[in-house]
Amino acid sequence: MSDAVVTSAEPIEYDPAAMQERWLPVWDQLAPFRSGNPDDPRPPKYVLDMFPYPSGDLHMGHAEAYALGDVIARYWAQRGYNVMHPIGWDAFGLPAENAAIKRGEDPAVWTYENIATQKASMRRYACSFDWDRVLNTCDPEYYRWNQWIFLQMYERGLAYRKDSAVNWCPTDQTVLANEQVIGGRCERCDSIVTKKKLTQWYLRITDYAERLLDDMAQLQGKWPDKVLLMQQNWIGRSTGANVQFEITDHPQPVTVYTTRPDTLFGATFFVVAVDSELAAELASGGPAEDEFNEYLEQVKQSSDIDRMATDRPKTGVFLHRYAINPVNGEQLPVYASDYVLADYGTGAVMAVPAHDQRDLDFARAFDLPVRVVVAADSDPAVTGEATADDGVHVNSGPLDGLGKDEAISKIIELLAVDERGESAINYRLRDWLISRQRYWGTPIPIIHCPSCGEVPVPLDQLPVELPSAQGLDLQPKGSSPLGAAEDWVNVDCPRCGGAARRDTDTMDTFFDSSWYFLRFLDPHNSTEAFDPQQAQKWLPVDQYVGGVTHAILHLLYARFFTKVFFDMGLVSFEEPFERLLNQGMVQMDGSAMSKSRGNLVRLSDELVDHGVDAVRLTMVFAGPPEDDIDWADVSPAGAKKFLARAWRLAGDVTSPVGVDPTTGNEALRKVTHRMVSEAQQAVEAYRFNVAVAKTMELVNAVRKAIDSGCGGADPAVREATEAVAIMLSLVAPYTAEDMWSRLGHEPCVALAGWPKVDDALLVADSVTCVVQVAGKVRARLEVSPQIDEDELRELALAEPSVVTSLDGRGIRTVIVRAPKLVNIVPE
RNA sequence: GCGGGAGUGGCGGAAUUGGCAGACGCGCUGGAUUUAGGAUCCAGUGUCGAAAGACGUAGGGGUUCAAGUCCCCUCUCCCGCACCA
C-alpha cells in the first residue's frame, strides 16, 4: 500500500449514473413536491402536464414535455409557491385492447404493466410530481365519476341518444367523433372513414358553442394564438338568415339557412342533402324515387375522402318538385345532391349559381339558369367563376341599387313582415358522439327496458364496473364485446323490475380526460367527483403544458365540461386552464420518429449514454419550447460537458457555508445578480433556452473568477456557484443536488429558494455608448449610466473618428438616446 | 380554395418599446497540458478584403436620424380547415 497522497472520498469525475443512484432514495424520503398539506402557508399554484397514455415506456416526446413542464413547476416551487404538479394515466383506449387481442390477455394487465414502467421511468427522470395524487382513468374509483357526470348531463338533457349517419372506422370497428376524423381518416389508425347509420349517445356541446367561442376572449394572450384560432374555426360561427320556402305538394314549408339572403332574387334552383330525411320524404312516391334511391346508395358507399375532393363533378337527382321563392313566387326545381350536408343548417339550400361557386358548378353540370343579382365585372355564366364579392344589387326588386350589407338588412326586414325569414346564426360544431363499440372504456350507465325505455342506473349502484375480459371475444366486430357478457348485460329494470339490458357501448376516452384535472384535487374521494372547496383553492390550472395535437379535441371538451360544472354550481370559473404552453415534437433527421422509418431514438439509450440531466438539458436548451426539436441537430454530449463544467465549480469553492456574500468580489456579484435576474425573466416568458444560456454565462464567469480572478475563496464565488446550483435545479436536478451537497448544504436544492436579486447590483458602473454618423457606428464611449444628453452629445462630437467621418460636412441633427446611443446626421 | 405562422452564420438558436445583428451552445481551426484521450483549459470562427473598410437577417420596394423588428409586393417552407350554403 502506498503512503502517498490521500485521495478524497468524493468522486472526482462528474458521474451522472452515480448521482442518480445517490439522490433518488434521498428524494423519495424527503418527498419535496408533496402539495397536500392543508396547513401549508405557501400560496397555491397548479402546474399540469397532459397525462400520458400508457402505451409502453416513456419516449423522447414524453422526455421533452416533462422536462419543460418541470422547469415551470420547479421554478414556482423555488419562488416559494406550494406547487401542485400531479400525474396520472389516461388508461382506457384502443391500443390496450388491440395489444390484448394480439397477446390474448386482459387489457388491464397490459395497461397496469405499462403504467408501472412509465411510473418508474418518471421517477428516474426526476419529474417533480406529487406522487400522492396519482390517478388512473381505468380504475373504477375514477370512471365511477365519469358515469356520475354522464348521468348529471343526462338529467339536464345534455346527453341524449339519436339515430344518425355517423363516422365509422372499418378497422377499429367503432364510431368516431367528428373531431377524431382527420382529413377523412381515423385519427388512430389512419383508415378511411365511412358513414354508418347508428343510434348513438351524444353530448350537447353545441348548446355551449357561443360560450365556448366568446369565453376565448379571457384566454387571449395566455393561450397560443394558433390554438385559439383553431378552436374558433372549429366552432365556426356564421351569421345569415333562415328563409322559408313552400314546396309543391308538401304540407310544411322548408327552411334554408343562407349567409347571403341578399342574393335571394338570384336563386334558380333548390338543393336538399341526399342523406337527409327531407330528401327521402320529397322523393318518396314521386317519379324520381328509384333514381333517388339508387343515387343515395351510391353516396353511402363513398367515403369522406371521396366526398372531400372539392373539384370532383357535381352529382344529383331532380326530384320533380318545386320550391317557391318567397320573394318573387318563382318555381325553383328541387334537387337532391351530396354537396349539401345533412347535418349543417337545415340540410337544404337555396342555390344562387351566379354568386356561389358550388351552386354554379352544379348549375353548369345540370344546365340550369344563372342569374346575376350583384353587379360584377365578369359574367359567371361565361367564366365559370361565381362572383362572391360585395357589389350593387340588380334584378332584385326592392334591393336594387343597394350594397351587400344594406341589402341583407333590407331583405331580412321584408321577410320578417309575413314571417318568411329571420336572421340566424349557425355553427360548424356538431354534438359530440361519445358511444364506442369497444371493451376497454367506461360503461355507459344506462339500462334499456322494453317497457320503460332508457333508464339511468341509480346513483347508489355506481360504478357500473366492466365485466372481466376473461372469456369475452374482444375482436372488433361492429358491436360492443360487452354484449356477450350475458351475466353483466342482463339486469332488472331499476324502474319496473322487469328484465332489461345494459347499454353495451363504452364512452369515448376523451370523456375521461375532460375533467381529470379536477380529480387530481382529491383522487381518492369516494363521495364526490371532486371537492368544490379544493377546486376553489387550486383552480383554474395556472399553467397547462401539452402537445398541440390536442388543440381542438381535448381542450375543447375540457372547456365544455368546465362550463357544465359551472352551470351545476360545482365550480366558480368557466375556463379550466389559465395559461397554456404547447411544446413542439421531437423528430429525428427531419421527420417524426417511427420504427418503420428506422429513425427511432430510444429514450432509455439516451439516458444511459448521457445521463438524465444531460437529456433534460438538451430538451430545454434546444430552442423555444414551442418549436420542434430535431435530435440530429442537438448535442446531449455538449449538455453533459456543460453540466460537468458547472459541477466542477462546486469543488473549487473554498469559503464556508453562510459566508457573507456582500464582502465578495463586486464584479462577479454583479454578473451573478444580472444573470439570475435575466434567467428569471426568461423562465417567466417561456424562453427556457435563454434561461439556460444565462446560467452558462454565469458558469463561464465563475470559472474565470476562480482561475484568473478573485479565486475560489472569495465569498462572491460561493454566492455565484450556489446561484448556479439553484438555476440548474430547474433543469438538471441531480447535478444541482450534488453541487448543493458539495457546497456543504443539506438536501433539497429544489426548495432552497430562488436567489434574491439585489437591484443595486443590477446597475452597471458604465455603459458602452454607440456613436453613429448617418447610422453607421464610428465610435464607442464608456460613459456613466446617468450621463445627461448634453454632456453625451458633446463627448460624441468631440470624438476624433466622428470628426474624420463627418469630413467637414455640416450637422443636420443629432439624435441622443442617453446613455446608449448618439446618431449624428450630417447635411 | 380559405385561414394562420415562419424564413437570421456550416448547424440549433439570441436580439423589451425600432437603437452595436449573430448572446449561449454545437461544429470547426489553432494553441497549452497530457504516456494517452471522445478529458480539461485558452484563443479564434458571418461574408469579401493584406488592411482600412465594405457588405450582410429569403428577394424587391417603402416609412424613419435609425429596420431582423413597422408597411406593401414577390418567392419558399410549415401548420390548421376543407362542398359548412
# chains A, B, ... in the order shown; residues from 1 in each chain; ligands from 1
$ closest_atom_pairs --of "chain A" --to "chain B" --cutoff "8 Å" --atoms "only C-alpha atoms (C1' of nucleotides)" --output "tab-separated table"
residue	atom	partner	partner_atom	distance
A:Lys226	CA	B:G4	C1'	7.1
A:Leu229	CA	B:G4	C1'	8.0
A:Met230	CA	B:G80	C1'	6.5
A:Asn233	CA	B:C81	C1'	7.4
A:Trp234	CA	B:C81	C1'	7.8
A:Tyr257	CA	B:A85	C1'	7.1
A:Thr258	CA	B:A85	C1'	5.6
A:Thr259	CA	B:A85	C1'	7.0
A:Met308	CA	B:A82	C1'	7.2
A:Thr310	CA	B:C83	C1'	6.0
A:Tyr339	CA	B:C83	C1'	5.2
A:Val340	CA	B:C83	C1'	7.0
A:Leu341	CA	B:C84	C1'	7.7
A:Tyr344	CA	B:C84	C1'	6.2
A:Val349	CA	B:A85	C1'	6.2
A:Met350	CA	B:A85	C1'	7.9
A:Arg358	CA	B:C83	C1'	6.7
A:Arg428	CA	B:C84	C1'	5.8
A:Ala622	CA	B:G12	C1'	6.2
A:Gly623	CA	B:G13	C1'	6.1
A:Asp633	CA	B:G12	C1'	6.1
A:Val634	CA	B:G12	C1'	6.2
A:Ser635	CA	B:C26	C1'	6.4
A:Gly638	CA	B:C26	C1'	7.1
A:Val690	CA	B:C24	C1'	7.5
A:Val692	CA	B:C24	C1'	7.9
A:Ala693	CA	B:C24	C1'	4.5
A:Lys694	CA	B:C24	C1'	7.3
A:Met696	CA	B:C24	C1'	7.0
A:Glu697	CA	B:C24	C1'	7.3
A:Val770	CA	B:C20	C1'	6.4
A:Ala774	CA	B:C65	C1'	7.1
A:Gly775	CA	B:A66	C1'	5.8
A:Val777	CA	B:C20	C1'	7.4
A:Thr813	CA	B:C65	C1'	7.6
A:Val814	CA	B:C65	C1'	7.6
A:Ile815	CA	B:C65	C1'	6.5
A:Leu821	CA	B:G19	C1'	6.8
A:Asn823	CA	B:C65	C1'	6.7
A:Ile824	CA	B:C65	C1'	7.5
A:Val825	CA	B:C65	C1'	6.0
$ residues_around --residues "G10 of chain B" --least-positions-apart "6" --cutoff "12 Å" --atoms "only C-alpha atoms (C1' of nucleotides)" --output "PDB file with N, CA, C and O atoms (P, O5', C5', C4', C3', O3' and C1' of nucleotides), in the first residue's frame"
ATOM      1  P     C B  26     -20.323  23.582 -26.732  1.00  0.00           P
ATOM      2  O5'   C B  26     -20.949  22.953 -28.054  1.00  0.00           O
ATOM      3  C5'   C B  26     -21.786  21.805 -27.981  1.00  0.00           C
ATOM      4  C4'   C B  26     -22.274  21.451 -29.370  1.00  0.00           C
ATOM      5  C3'   C B  26     -21.185  21.144 -30.383  1.00  0.00           C
ATOM      6  O3'   C B  26     -20.678  19.842 -30.244  1.00  0.00           O
ATOM      7  C1'   C B  26     -22.784  22.569 -31.359  1.00  0.00           C
ATOM      8  P     G B  27     -19.108  19.581 -30.435  1.00  0.00           P
ATOM      9  O5'   G B  27     -18.905  19.932 -31.970  1.00  0.00           O
ATOM     10  C5'   G B  27     -19.493  19.127 -32.990  1.00  0.00           C
ATOM     11  C4'   G B  27     -19.308  19.787 -34.332  1.00  0.00           C
ATOM     12  C3'   G B  27     -17.864  20.110 -34.705  1.00  0.00           C
ATOM     13  O3'   G B  27     -17.209  18.989 -35.260  1.00  0.00           O
ATOM     14  C1'   G B  27     -19.213  22.004 -35.101  1.00  0.00           C
ATOM     15  P     C B  28     -15.637  18.797 -34.969  1.00  0.00           P
ATOM     16  O5'   C B  28     -14.971  19.982 -35.802  1.00  0.00           O
ATOM     17  C5'   C B  28     -15.078  20.016 -37.212  1.00  0.00           C
ATOM     18  C4'   C B  28     -14.598  21.341 -37.735  1.00  0.00           C
ATOM     19  C3'   C B  28     -13.175  21.729 -37.346  1.00  0.00           C
ATOM     20  O3'   C B  28     -12.213  21.096 -38.157  1.00  0.00           O
ATOM     21  C1'   C B  28     -14.598  23.567 -36.984  1.00  0.00           C
ATOM     22  P     U B  45     -12.985  36.048 -33.935  1.00  0.00           P
ATOM     23  O5'   U B  45     -13.693  34.955 -34.855  1.00  0.00           O
ATOM     24  C5'   U B  45     -13.266  34.767 -36.200  1.00  0.00           C
ATOM     25  C4'   U B  45     -13.940  33.543 -36.783  1.00  0.00           C
ATOM     26  C3'   U B  45     -15.456  33.517 -36.647  1.00  0.00           C
ATOM     27  O3'   U B  45     -16.092  34.294 -37.641  1.00  0.00           O
ATOM     28  C1'   U B  45     -14.567  31.415 -36.051  1.00  0.00           C
ATOM     29  P     G B  46     -17.135  35.393 -37.193  1.00  0.00           P
ATOM     30  O5'   G B  46     -18.267  35.250 -38.305  1.00  0.00           O
ATOM     31  C5'   G B  46     -18.946  34.023 -38.473  1.00  0.00           C
ATOM     32  C4'   G B  46     -19.801  34.106 -39.707  1.00  0.00           C
ATOM     33  C3'   G B  46     -19.063  34.519 -40.966  1.00  0.00           C
ATOM     34  O3'   G B  46     -18.504  33.398 -41.618  1.00  0.00           O
ATOM     35  C1'   G B  46     -20.983  35.872 -40.704  1.00  0.00           C
TER      36        G B  46
END
$ closest_residue --among "A:Trp515, A:Phe577, A:Phe362, A:Tyr160" --to "Asp431 of chain A" --atoms "only C-alpha atoms"
A:Tyr160
$ select_by_dssp --residues "segment 696-772 of chain A" --states "alpha helix (DSSP H)" --output "CSV table (one decimal) with all heavy atoms, in the first residue's frame"
chain,number,residue,atom,x,y,z
A,696,MET,N,-25.3,29.4,-18.3
A,696,MET,CA,-24.0,29.1,-18.9
A,696,MET,C,-23.0,30.3,-18.8
A,696,MET,O,-21.8,30.2,-18.5
A,696,MET,CB,-24.1,28.7,-20.4
A,696,MET,CG,-24.8,27.4,-20.6
A,696,MET,SD,-25.1,27.1,-22.3
A,696,MET,CE,-25.5,25.3,-22.3
A,697,GLU,N,-23.6,31.5,-19.0
A,697,GLU,CA,-22.7,32.7,-18.9
A,697,GLU,C,-22.2,32.9,-17.5
A,697,GLU,O,-21.0,33.2,-17.3
A,697,GLU,CB,-23.6,33.9,-19.3
A,697,GLU,CG,-23.7,34.1,-20.8
A,697,GLU,CD,-24.3,35.5,-21.2
A,697,GLU,OE1,-23.6,36.5,-20.8
A,697,GLU,OE2,-25.4,35.5,-21.8
A,698,LEU,N,-23.1,32.6,-16.6
A,698,LEU,CA,-22.7,32.7,-15.2
A,698,LEU,C,-21.6,31.7,-14.9
A,698,LEU,O,-20.6,32.0,-14.2
A,698,LEU,CB,-23.9,32.5,-14.2
A,698,LEU,CG,-23.6,32.7,-12.7
A,698,LEU,CD1,-22.9,34.0,-12.4
A,698,LEU,CD2,-24.9,32.6,-11.9
A,699,VAL,N,-21.8,30.5,-15.3
A,699,VAL,CA,-20.7,29.4,-15.1
A,699,VAL,C,-19.4,29.9,-15.7
A,699,VAL,O,-18.3,29.8,-15.1
A,699,VAL,CB,-21.2,28.1,-15.7
A,699,VAL,CG1,-20.0,27.1,-15.8
A,699,VAL,CG2,-22.3,27.5,-14.9
A,700,ASN,N,-19.4,30.4,-16.9
A,700,ASN,CA,-18.2,30.9,-17.5
A,700,ASN,C,-17.5,32.0,-16.7
A,700,ASN,O,-16.3,32.0,-16.5
A,700,ASN,CB,-18.5,31.5,-18.9
A,700,ASN,CG,-18.9,30.4,-19.9
A,700,ASN,OD1,-18.6,29.2,-19.7
A,700,ASN,ND2,-19.5,30.7,-21.0
A,701,ALA,N,-18.4,32.9,-16.1
A,701,ALA,CA,-17.9,34.0,-15.3
A,701,ALA,C,-17.2,33.4,-14.0
A,701,ALA,O,-16.2,33.9,-13.6
A,701,ALA,CB,-19.0,35.0,-15.0
A,702,VAL,N,-17.8,32.4,-13.4
A,702,VAL,CA,-17.3,31.9,-12.2
A,702,VAL,C,-16.0,31.2,-12.5
A,702,VAL,O,-15.0,31.3,-11.7
A,702,VAL,CB,-18.3,30.9,-11.5
A,702,VAL,CG1,-17.7,30.5,-10.2
A,702,VAL,CG2,-19.6,31.6,-11.3
A,703,ARG,N,-16.0,30.4,-13.5
A,703,ARG,CA,-14.7,29.7,-13.9
A,703,ARG,C,-13.6,30.7,-14.0
A,703,ARG,O,-12.5,30.4,-13.5
A,703,ARG,CB,-15.0,29.0,-15.2
A,703,ARG,CG,-13.9,28.1,-15.8
A,703,ARG,CD,-13.8,26.8,-15.1
A,703,ARG,NE,-12.8,26.9,-14.0
A,703,ARG,CZ,-12.8,26.1,-12.9
A,703,ARG,NH1,-13.8,25.2,-12.7
A,703,ARG,NH2,-11.9,26.2,-12.0
A,704,LYS,N,-13.8,31.8,-14.7
A,704,LYS,CA,-12.8,32.8,-14.9
A,704,LYS,C,-12.4,33.4,-13.6
A,704,LYS,O,-11.2,33.6,-13.3
A,704,LYS,CB,-13.4,33.8,-15.8
A,704,LYS,CG,-12.3,34.7,-16.6
A,704,LYS,CD,-12.9,35.4,-17.7
A,704,LYS,CE,-11.9,35.7,-18.8
A,704,LYS,NZ,-12.5,36.2,-20.0
A,705,ALA,N,-13.4,33.7,-12.7
A,705,ALA,CA,-13.1,34.3,-11.4
A,705,ALA,C,-12.2,33.4,-10.6
A,705,ALA,O,-11.3,33.8,-9.9
A,705,ALA,CB,-14.4,34.6,-10.7
A,706,ILE,N,-12.5,32.1,-10.6
A,706,ILE,CA,-11.7,31.1,-9.9
A,706,ILE,C,-10.3,31.0,-10.4
A,706,ILE,O,-9.3,31.1,-9.7
A,706,ILE,CB,-12.4,29.7,-9.8
A,706,ILE,CG1,-13.7,29.8,-9.0
A,706,ILE,CG2,-11.4,28.7,-9.2
A,706,ILE,CD1,-14.6,28.6,-9.1
A,707,ASP,N,-10.2,30.9,-11.7
A,707,ASP,CA,-8.9,30.6,-12.3
A,707,ASP,C,-8.0,31.8,-12.4
A,707,ASP,O,-6.8,31.7,-12.3
A,707,ASP,CB,-9.1,30.0,-13.7
A,707,ASP,CG,-9.7,28.6,-13.7
A,707,ASP,OD1,-9.7,28.0,-12.6
A,707,ASP,OD2,-10.1,28.1,-14.8
A,708,SER,N,-8.6,32.9,-12.8
A,708,SER,CA,-7.7,34.1,-13.1
A,708,SER,C,-8.3,35.4,-12.5
A,708,SER,O,-7.9,36.4,-12.9
A,708,SER,CB,-7.5,34.2,-14.6
A,708,SER,OG,-8.8,34.4,-15.2
A,715,PRO,N,-16.0,35.1,-1.3
A,715,PRO,CA,-17.4,34.8,-1.0
A,715,PRO,C,-18.4,35.0,-2.2
A,715,PRO,O,-19.4,34.3,-2.3
A,715,PRO,CB,-17.8,35.8,0.1
A,715,PRO,CG,-16.5,36.2,0.7
A,715,PRO,CD,-15.5,36.1,-0.3
A,716,ALA,N,-18.0,35.8,-3.1
A,716,ALA,CA,-18.8,36.0,-4.3
A,716,ALA,C,-18.8,34.8,-5.2
A,716,ALA,O,-19.8,34.5,-5.9
A,716,ALA,CB,-18.2,37.2,-5.2
A,717,VAL,N,-17.7,34.0,-5.1
A,717,VAL,CA,-17.7,32.7,-5.8
A,717,VAL,C,-18.7,31.7,-5.3
A,717,VAL,O,-19.4,31.0,-6.0
A,717,VAL,CB,-16.2,32.1,-5.8
A,717,VAL,CG1,-16.2,30.7,-6.4
A,717,VAL,CG2,-15.3,33.0,-6.7
A,718,ARG,N,-18.8,31.7,-4.0
A,718,ARG,CA,-19.8,30.8,-3.3
A,718,ARG,C,-21.2,31.3,-3.7
A,718,ARG,O,-22.0,30.5,-4.1
A,718,ARG,CB,-19.6,30.8,-1.8
A,718,ARG,CG,-20.8,30.1,-1.1
A,718,ARG,CD,-20.5,29.9,0.4
A,718,ARG,NE,-19.7,28.7,0.6
A,718,ARG,CZ,-20.1,27.4,0.6
A,718,ARG,NH1,-21.4,27.2,0.4
A,718,ARG,NH2,-19.3,26.5,0.8
A,719,GLU,N,-21.4,32.6,-3.6
A,719,GLU,CA,-22.7,33.1,-4.0
A,719,GLU,C,-23.1,32.7,-5.4
A,719,GLU,O,-24.2,32.3,-5.7
A,719,GLU,CB,-22.8,34.6,-3.8
A,719,GLU,CG,-24.1,35.2,-4.1
A,719,GLU,CD,-24.1,36.8,-4.2
A,719,GLU,OE1,-23.1,37.4,-4.6
A,719,GLU,OE2,-25.1,37.4,-3.7
A,720,ALA,N,-22.2,32.9,-6.3
A,720,ALA,CA,-22.4,32.6,-7.7
A,720,ALA,C,-22.7,31.1,-8.0
A,720,ALA,O,-23.6,30.7,-8.7
A,720,ALA,CB,-21.2,33.1,-8.6
A,721,THR,N,-21.8,30.3,-7.3
A,721,THR,CA,-21.9,28.9,-7.5
A,721,THR,C,-23.3,28.3,-6.9
A,721,THR,O,-23.9,27.5,-7.5
A,721,THR,CB,-20.7,28.1,-6.9
A,721,THR,OG1,-19.5,28.7,-7.4
A,721,THR,CG2,-20.8,26.7,-7.2
A,722,GLU,N,-23.7,28.9,-5.8
A,722,GLU,CA,-25.0,28.5,-5.2
A,722,GLU,C,-26.1,28.9,-6.2
A,722,GLU,O,-27.1,28.2,-6.4
A,722,GLU,CB,-25.1,29.1,-3.8
A,722,GLU,CG,-24.2,28.4,-2.8
A,722,GLU,CD,-24.4,28.9,-1.4
A,722,GLU,OE1,-25.1,29.8,-1.2
A,722,GLU,OE2,-23.8,28.2,-0.5
A,723,ALA,N,-25.9,30.1,-6.8
A,723,ALA,CA,-27.0,30.5,-7.7
A,723,ALA,C,-27.0,29.6,-8.9
A,723,ALA,O,-28.1,29.2,-9.4
A,723,ALA,CB,-26.7,31.9,-8.2
A,724,VAL,N,-25.8,29.1,-9.4
A,724,VAL,CA,-25.8,28.2,-10.5
A,724,VAL,C,-26.6,26.9,-10.1
A,724,VAL,O,-27.4,26.4,-10.9
A,724,VAL,CB,-24.3,27.8,-10.9
A,724,VAL,CG1,-24.3,26.6,-11.8
A,724,VAL,CG2,-23.7,29.0,-11.6
A,725,ALA,N,-26.3,26.4,-8.9
A,725,ALA,CA,-27.0,25.2,-8.5
A,725,ALA,C,-28.5,25.3,-8.5
A,725,ALA,O,-29.2,24.5,-8.9
A,725,ALA,CB,-26.5,24.8,-7.1
A,726,ILE,N,-28.9,26.5,-8.0
A,726,ILE,CA,-30.4,26.7,-7.9
A,726,ILE,C,-31.0,26.8,-9.3
A,726,ILE,O,-32.0,26.3,-9.6
A,726,ILE,CB,-30.7,27.9,-7.0
A,726,ILE,CG1,-30.3,27.6,-5.6
A,726,ILE,CG2,-32.1,28.3,-7.1
A,726,ILE,CD1,-30.2,28.8,-4.6
A,727,MET,N,-30.3,27.6,-10.1
A,727,MET,CA,-30.8,27.8,-11.5
A,727,MET,C,-30.8,26.4,-12.2
A,727,MET,O,-31.8,26.1,-12.9
A,727,MET,CB,-29.9,28.7,-12.3
A,727,MET,CG,-30.1,30.2,-11.8
A,727,MET,SD,-28.7,31.2,-12.2
A,727,MET,CE,-29.1,31.9,-13.7
A,728,LEU,N,-29.8,25.6,-12.0
A,728,LEU,CA,-29.7,24.3,-12.6
A,728,LEU,C,-30.8,23.3,-12.1
A,728,LEU,O,-31.1,22.4,-12.7
A,728,LEU,CB,-28.3,23.7,-12.4
A,728,LEU,CG,-27.3,24.1,-13.5
A,728,LEU,CD1,-26.0,23.3,-13.2
A,728,LEU,CD2,-27.8,23.7,-14.9
A,733,PRO,N,-31.8,18.3,-12.1
A,733,PRO,CA,-31.9,18.2,-10.7
A,733,PRO,C,-30.8,17.4,-10.0
A,733,PRO,O,-30.4,17.7,-8.8
A,733,PRO,CB,-33.3,17.5,-10.5
A,733,PRO,CG,-33.8,17.1,-11.8
A,733,PRO,CD,-32.9,17.8,-12.9
A,734,TYR,N,-30.3,16.3,-10.6
A,734,TYR,CA,-29.2,15.6,-10.0
A,734,TYR,C,-27.9,16.4,-9.8
A,734,TYR,O,-27.3,16.4,-8.7
A,734,TYR,CB,-28.9,14.3,-10.8
A,734,TYR,CG,-30.1,13.3,-10.8
A,734,TYR,CD1,-30.8,13.2,-12.0
A,734,TYR,CD2,-30.4,12.5,-9.7
A,734,TYR,CE1,-31.9,12.2,-12.0
A,734,TYR,CE2,-31.4,11.6,-9.8
A,734,TYR,CZ,-32.1,11.5,-10.9
A,734,TYR,OH,-33.2,10.6,-11.0
A,735,THR,N,-27.5,17.0,-10.9
A,735,THR,CA,-26.3,17.8,-10.9
A,735,THR,C,-26.4,18.9,-9.8
A,735,THR,O,-25.5,19.1,-9.1
A,735,THR,CB,-26.1,18.4,-12.3
A,735,THR,OG1,-26.1,17.4,-13.2
A,735,THR,CG2,-24.7,19.1,-12.3
A,736,ALA,N,-27.6,19.5,-9.8
A,736,ALA,CA,-27.8,20.6,-8.9
A,736,ALA,C,-27.7,20.1,-7.4
A,736,ALA,O,-27.1,20.8,-6.6
A,736,ALA,CB,-29.2,21.3,-9.2
A,737,GLU,N,-28.4,19.0,-7.2
A,737,GLU,CA,-28.4,18.5,-5.8
A,737,GLU,C,-27.0,18.1,-5.4
A,737,GLU,O,-26.6,18.3,-4.3
A,737,GLU,CB,-29.3,17.2,-5.7
A,737,GLU,CG,-29.6,16.8,-4.3
A,737,GLU,CD,-30.6,17.8,-3.6
A,737,GLU,OE1,-31.8,17.7,-3.8
A,737,GLU,OE2,-30.1,18.7,-2.9
A,738,ASP,N,-26.2,17.5,-6.3
A,738,ASP,CA,-24.9,17.1,-6.0
A,738,ASP,C,-24.0,18.3,-5.7
A,738,ASP,O,-23.2,18.3,-4.8
A,738,ASP,CB,-24.3,16.3,-7.1
A,738,ASP,CG,-23.4,15.1,-6.6
A,738,ASP,OD1,-24.0,14.2,-5.9
A,738,ASP,OD2,-22.2,15.1,-6.9
A,739,MET,N,-24.2,19.3,-6.5
A,739,MET,CA,-23.4,20.6,-6.3
A,739,MET,C,-23.8,21.1,-4.9
A,739,MET,O,-22.9,21.6,-4.2
A,739,MET,CB,-23.8,21.6,-7.3
A,739,MET,CG,-23.2,21.4,-8.7
A,739,MET,SD,-23.7,22.6,-9.9
A,739,MET,CE,-22.8,24.1,-9.4
A,740,TRP,N,-25.0,21.1,-4.6
A,740,TRP,CA,-25.5,21.7,-3.4
A,740,TRP,C,-24.9,21.0,-2.2
A,740,TRP,O,-24.5,21.6,-1.2
A,740,TRP,CB,-27.1,21.5,-3.3
A,740,TRP,CG,-27.8,22.4,-2.4
A,740,TRP,CD1,-28.6,22.0,-1.3
A,740,TRP,CD2,-27.8,23.9,-2.4
A,740,TRP,NE1,-29.1,23.1,-0.7
A,740,TRP,CE2,-28.6,24.3,-1.3
A,740,TRP,CE3,-27.2,24.8,-3.2
A,740,TRP,CZ2,-28.9,25.6,-1.0
A,740,TRP,CZ3,-27.5,26.2,-2.9
A,740,TRP,CH2,-28.3,26.5,-1.8
A,741,SER,N,-24.8,19.7,-2.3
A,741,SER,CA,-24.2,18.9,-1.3
A,741,SER,C,-22.7,19.2,-1.2
A,741,SER,O,-22.1,19.3,-0.1
A,741,SER,CB,-24.5,17.4,-1.6
A,741,SER,OG,-23.5,16.6,-1.0
A,742,ARG,N,-22.0,19.3,-2.3
A,742,ARG,CA,-20.6,19.6,-2.3
A,742,ARG,C,-20.3,21.0,-1.7
A,742,ARG,O,-19.2,21.2,-1.2
A,742,ARG,CB,-20.0,19.5,-3.7
A,742,ARG,CG,-19.7,18.0,-4.1
A,742,ARG,CD,-19.7,17.8,-5.6
A,742,ARG,NE,-18.7,18.6,-6.3
A,742,ARG,CZ,-17.4,18.2,-6.5
A,742,ARG,NH1,-17.0,17.0,-6.1
A,742,ARG,NH2,-16.6,18.9,-7.2
$ residues_around --residues "segment 115-118 of chain A" --least-positions-apart "2" --cutoff "12 Å" --atoms "only C-alpha atoms (C1' of nucleotides)" --output "JSON, numbers by chain"
{"A": [51, 52, 53, 54, 55, 56, 57, 58, 59, 62, 63, 87, 88, 89, 90, 91, 92, 96, 108, 109, 110, 111, 112, 113, 120, 121, 122, 123, 124, 125, 127, 134, 135, 136, 137, 138, 603, 604]}
$ residues_around --residues "Trp201 of chain A" --least-positions-apart "6" --cutoff "6 Å" --atoms "only C-alpha atoms (C1' of nucleotides)" --output "list of chain:residue names"
A:Tyr160, A:Arg161, A:Leu433, A:Ile434, A:Ser435
$ atom_distance --atom1 "atom CA of Asp262 of chain A" --atom2 "atom CA of Gln244 of chain A"
14.4 Å
$ select_by_dssp --residues "segment 232-428 of chain A" --states "strand (DSSP E)" --output "PyMOL selection string"
chain A and resi 237-247+254-258+269-273+317-324+331-337+348-351+421-427
$ atom_distance --atom1 "atom CA of Glu626 of chain A" --atom2 "atom CA of Asn582 of chain A"
5.7 Å
